[in-house]
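Scroll down for the structure; my scribbles are underneath it.
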Amino acid sequence: MAYDYKYDANGAILKDALGEPSRGDLKAYGSAYNKWFAGWNNEFNYKGATLSFLIDGKWGGKVFSATDYYGYIFGLHKNTLIDRETLGNNAAKFYENTANNVSNKFVQDASFIKFRQLTLGYNFRQKCLITK
């Protein structure tokens, strides 16, 4: 759940007297639980050498990015550079209020595919390891 912008009848974003976007409705943007997940693990052996790998992924979940949210609050996010000069001393409060009023911009897709592991090994013959 996150807050959207408040829109007028023409679909334009409504702003308050300070020029900050107004808070709209609280809406569902998806579930934090992934709808699909998969993994693939495989191993190859050839003359004592072993190569294995692991790939996995998840699709369909949403996540609220606290990093982006606090980036807005503290003016560290790249989007806070927009109009920073024209806002002057009010920039910090403007972006803090924007982050608190419109939280849907921090909801992101949590889908991913990762190459988790690659293993290369070799099995030595027992007679190679025994010394007399």
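Labels for the structure tokens follow display order: chains A, B, ..., residues from 1 in each chain, ligands from 1.
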
Residue set, chain A restricted to strand (DSSP E or B), as a PyMOL selection string: chain A and resi 2-5+7+13+15+21+23-27+36-46+49-59+62-64+107-109+112-122

Keeping only N, CA and C atoms, take the residues you just selected and write them out as a compact mmCIF listing (two decimals), in the first residue's frame.
```txt
# COMPACT_ATOMS: atom_id res chain seq x y z
N ALA A 2 0.50 2.20 -0.82
CA ALA A 2 1.24 3.45 -0.88
C ALA A 2 0.31 4.55 -1.35
N TYR A 3 0.67 5.79 -1.04
CA TYR A 3 -0.13 6.94 -1.44
C TYR A 3 0.25 7.38 -2.85
N ASP A 4 -0.77 7.70 -3.63
CA ASP A 4 -0.60 8.20 -4.99
C ASP A 4 -0.72 9.73 -4.95
N TYR A 5 -0.45 10.36 -6.09
CA TYR A 5 -0.72 11.79 -6.23
C TYR A 5 -2.23 12.02 -6.22
N TYR A 7 -5.15 13.91 -8.15
CA TYR A 7 -5.32 14.43 -9.50
C TYR A 7 -6.60 15.23 -9.62
N ILE A 13 -1.65 16.67 -11.75
CA ILE A 13 -1.33 16.53 -10.32
C ILE A 13 -1.69 17.82 -9.59
N LYS A 15 -1.48 20.47 -6.55
CA LYS A 15 -0.43 20.94 -5.63
C LYS A 15 -1.04 21.88 -4.62
N PRO A 21 3.16 18.45 -4.09
CA PRO A 21 2.06 17.60 -4.55
C PRO A 21 1.17 17.16 -3.38
N ARG A 23 -1.46 14.75 -1.33
CA ARG A 23 -1.61 13.31 -1.12
C ARG A 23 -2.95 12.84 -1.66
N GLY A 24 -2.88 11.78 -2.45
CA GLY A 24 -4.09 11.19 -3.01
C GLY A 24 -4.52 9.97 -2.20
N ASP A 25 -5.09 9.03 -2.89
CA ASP A 25 -5.64 7.83 -2.25
C ASP A 25 -4.55 6.83 -1.90
N LEU A 26 -4.82 6.05 -0.88
CA LEU A 26 -3.96 4.92 -0.51
C LEU A 26 -4.36 3.75 -1.39
N LYS A 27 -3.40 3.25 -2.19
CA LYS A 27 -3.70 2.20 -3.16
C LYS A 27 -2.79 1.00 -2.96
N TRP A 36 6.13 -16.12 -8.51
CA TRP A 36 6.90 -17.20 -9.11
C TRP A 36 8.32 -17.18 -8.59
N PHE A 37 8.87 -18.37 -8.42
CA PHE A 37 10.30 -18.47 -8.11
C PHE A 37 10.82 -19.75 -8.74
N ALA A 38 12.10 -19.72 -9.10
CA ALA A 38 12.69 -20.87 -9.78
C ALA A 38 14.19 -20.89 -9.51
N GLY A 39 14.77 -22.05 -9.68
CA GLY A 39 16.21 -22.20 -9.54
C GLY A 39 16.71 -23.32 -10.42
N TRP A 40 17.97 -23.24 -10.78
CA TRP A 40 18.58 -24.27 -11.61
C TRP A 40 19.98 -24.52 -11.09
N ASN A 41 20.21 -25.77 -10.69
CA ASN A 41 21.52 -26.21 -10.22
C ASN A 41 21.95 -27.36 -11.12
N ASN A 42 23.18 -27.30 -11.62
CA ASN A 42 23.65 -28.35 -12.50
C ASN A 42 25.12 -28.63 -12.21
N GLU A 43 25.53 -29.87 -12.50
CA GLU A 43 26.91 -30.28 -12.25
C GLU A 43 27.40 -31.13 -13.42
N PHE A 44 28.63 -30.85 -13.86
CA PHE A 44 29.26 -31.59 -14.95
C PHE A 44 30.56 -32.20 -14.43
N ASN A 45 30.81 -33.46 -14.79
CA ASN A 45 32.04 -34.15 -14.39
C ASN A 45 32.74 -34.67 -15.64
N TYR A 46 34.08 -34.49 -15.66
CA TYR A 46 34.86 -35.00 -16.79
C TYR A 46 36.28 -35.28 -16.31
N ALA A 49 37.51 -33.70 -13.11
CA ALA A 49 37.16 -32.28 -12.95
C ALA A 49 35.64 -32.14 -12.79
N THR A 50 35.25 -31.20 -11.96
CA THR A 50 33.84 -30.95 -11.69
C THR A 50 33.55 -29.46 -11.87
N LEU A 51 32.48 -29.16 -12.57
CA LEU A 51 32.00 -27.79 -12.74
C LEU A 51 30.53 -27.79 -12.39
N SER A 52 30.15 -26.91 -11.45
CA SER A 52 28.73 -26.80 -11.08
C SER A 52 28.35 -25.33 -10.96
N PHE A 53 27.05 -25.07 -11.10
CA PHE A 53 26.55 -23.69 -10.99
C PHE A 53 25.15 -23.69 -10.40
N LEU A 54 24.77 -22.53 -9.89
CA LEU A 54 23.44 -22.34 -9.31
C LEU A 54 22.91 -20.98 -9.77
N ILE A 55 21.73 -20.99 -10.38
CA ILE A 55 21.03 -19.78 -10.81
C ILE A 55 19.64 -19.82 -10.19
N ASP A 56 19.19 -18.69 -9.64
CA ASP A 56 17.82 -18.65 -9.14
C ASP A 56 17.20 -17.29 -9.40
N GLY A 57 15.88 -17.22 -9.26
CA GLY A 57 15.17 -15.97 -9.50
C GLY A 57 13.79 -15.98 -8.87
N LYS A 58 13.26 -14.77 -8.73
CA LYS A 58 11.90 -14.57 -8.23
C LYS A 58 11.23 -13.50 -9.07
N TRP A 59 9.93 -13.65 -9.29
CA TRP A 59 9.19 -12.72 -10.13
C TRP A 59 7.85 -12.39 -9.49
N LYS A 62 6.70 -7.00 -4.99
CA LYS A 62 6.96 -5.56 -4.88
C LYS A 62 7.68 -5.30 -3.57
N VAL A 63 8.48 -4.24 -3.55
CA VAL A 63 9.21 -3.87 -2.34
C VAL A 63 9.17 -2.34 -2.20
N PHE A 64 9.08 -1.87 -0.96
CA PHE A 64 9.16 -0.44 -0.68
C PHE A 64 10.61 -0.11 -0.42
N VAL A 107 7.80 2.40 -4.39
CA VAL A 107 7.41 1.00 -4.58
C VAL A 107 8.07 0.51 -5.86
N GLN A 108 8.85 -0.55 -5.75
CA GLN A 108 9.61 -1.05 -6.90
C GLN A 108 9.36 -2.53 -7.11
N ASP A 109 9.63 -2.97 -8.32
CA ASP A 109 9.53 -4.38 -8.66
C ASP A 109 10.68 -5.13 -7.99
N PHE A 112 14.02 -10.65 -9.80
CA PHE A 112 15.44 -10.74 -10.07
C PHE A 112 15.81 -12.13 -10.57
N ILE A 113 16.94 -12.21 -11.25
CA ILE A 113 17.61 -13.46 -11.59
C ILE A 113 19.06 -13.29 -11.16
N LYS A 114 19.57 -14.26 -10.41
CA LYS A 114 20.95 -14.18 -9.91
C LYS A 114 21.73 -15.43 -10.27
N PHE A 115 22.95 -15.19 -10.67
CA PHE A 115 23.92 -16.26 -10.84
C PHE A 115 24.59 -16.40 -9.49
N ARG A 116 24.12 -17.33 -8.67
CA ARG A 116 24.53 -17.41 -7.27
C ARG A 116 25.90 -18.04 -7.04
N GLN A 117 26.19 -19.09 -7.78
CA GLN A 117 27.38 -19.87 -7.43
C GLN A 117 27.97 -20.55 -8.66
N LEU A 118 29.30 -20.56 -8.70
CA LEU A 118 30.04 -21.31 -9.71
C LEU A 118 31.16 -22.03 -8.97
N THR A 119 31.24 -23.34 -9.12
CA THR A 119 32.24 -24.14 -8.43
C THR A 119 33.02 -24.96 -9.44
N LEU A 120 34.34 -24.91 -9.32
CA LEU A 120 35.23 -25.70 -10.15
C LEU A 120 36.10 -26.53 -9.22
N GLY A 121 36.13 -27.83 -9.44
CA GLY A 121 36.90 -28.71 -8.56
C GLY A 121 37.61 -29.80 -9.33
N TYR A 122 38.51 -30.45 -8.62
CA TYR A 122 39.23 -31.57 -9.22
C TYR A 122 39.42 -32.64 -8.15
```

Those of chain A in DSSP alpha helix (DSSP H), formatted as a PyMOL selection string: chain A and resi 66-73+84-87+91-101+126-129

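CA of Leu14 in chain A is positioned 21.2 Å from CA of Leu81 in chain A.
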
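You can rank A:Ala9, A:Ala99, A:Ala110, A:Leu76 by their closest distance to Ser22 in chain A using only C-alpha atoms, and at the top of that list sits A:Ala99.
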
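What separates CA of Asp83 in chain A from CA of Thr67 in chain A is a distance of 21.2 Å.
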
Nearest candidate to His77 in chain A (options A:Cys128, A:Phe106, A:Leu18, A:Asn90; using only C-alpha atoms): A:Phe106

Pick from A:Ala12, A:Ala17, A:Ala92, A:Ala66, whichever lies nearest to Asn104 in chain A using only C-alpha atoms: A:Ala66
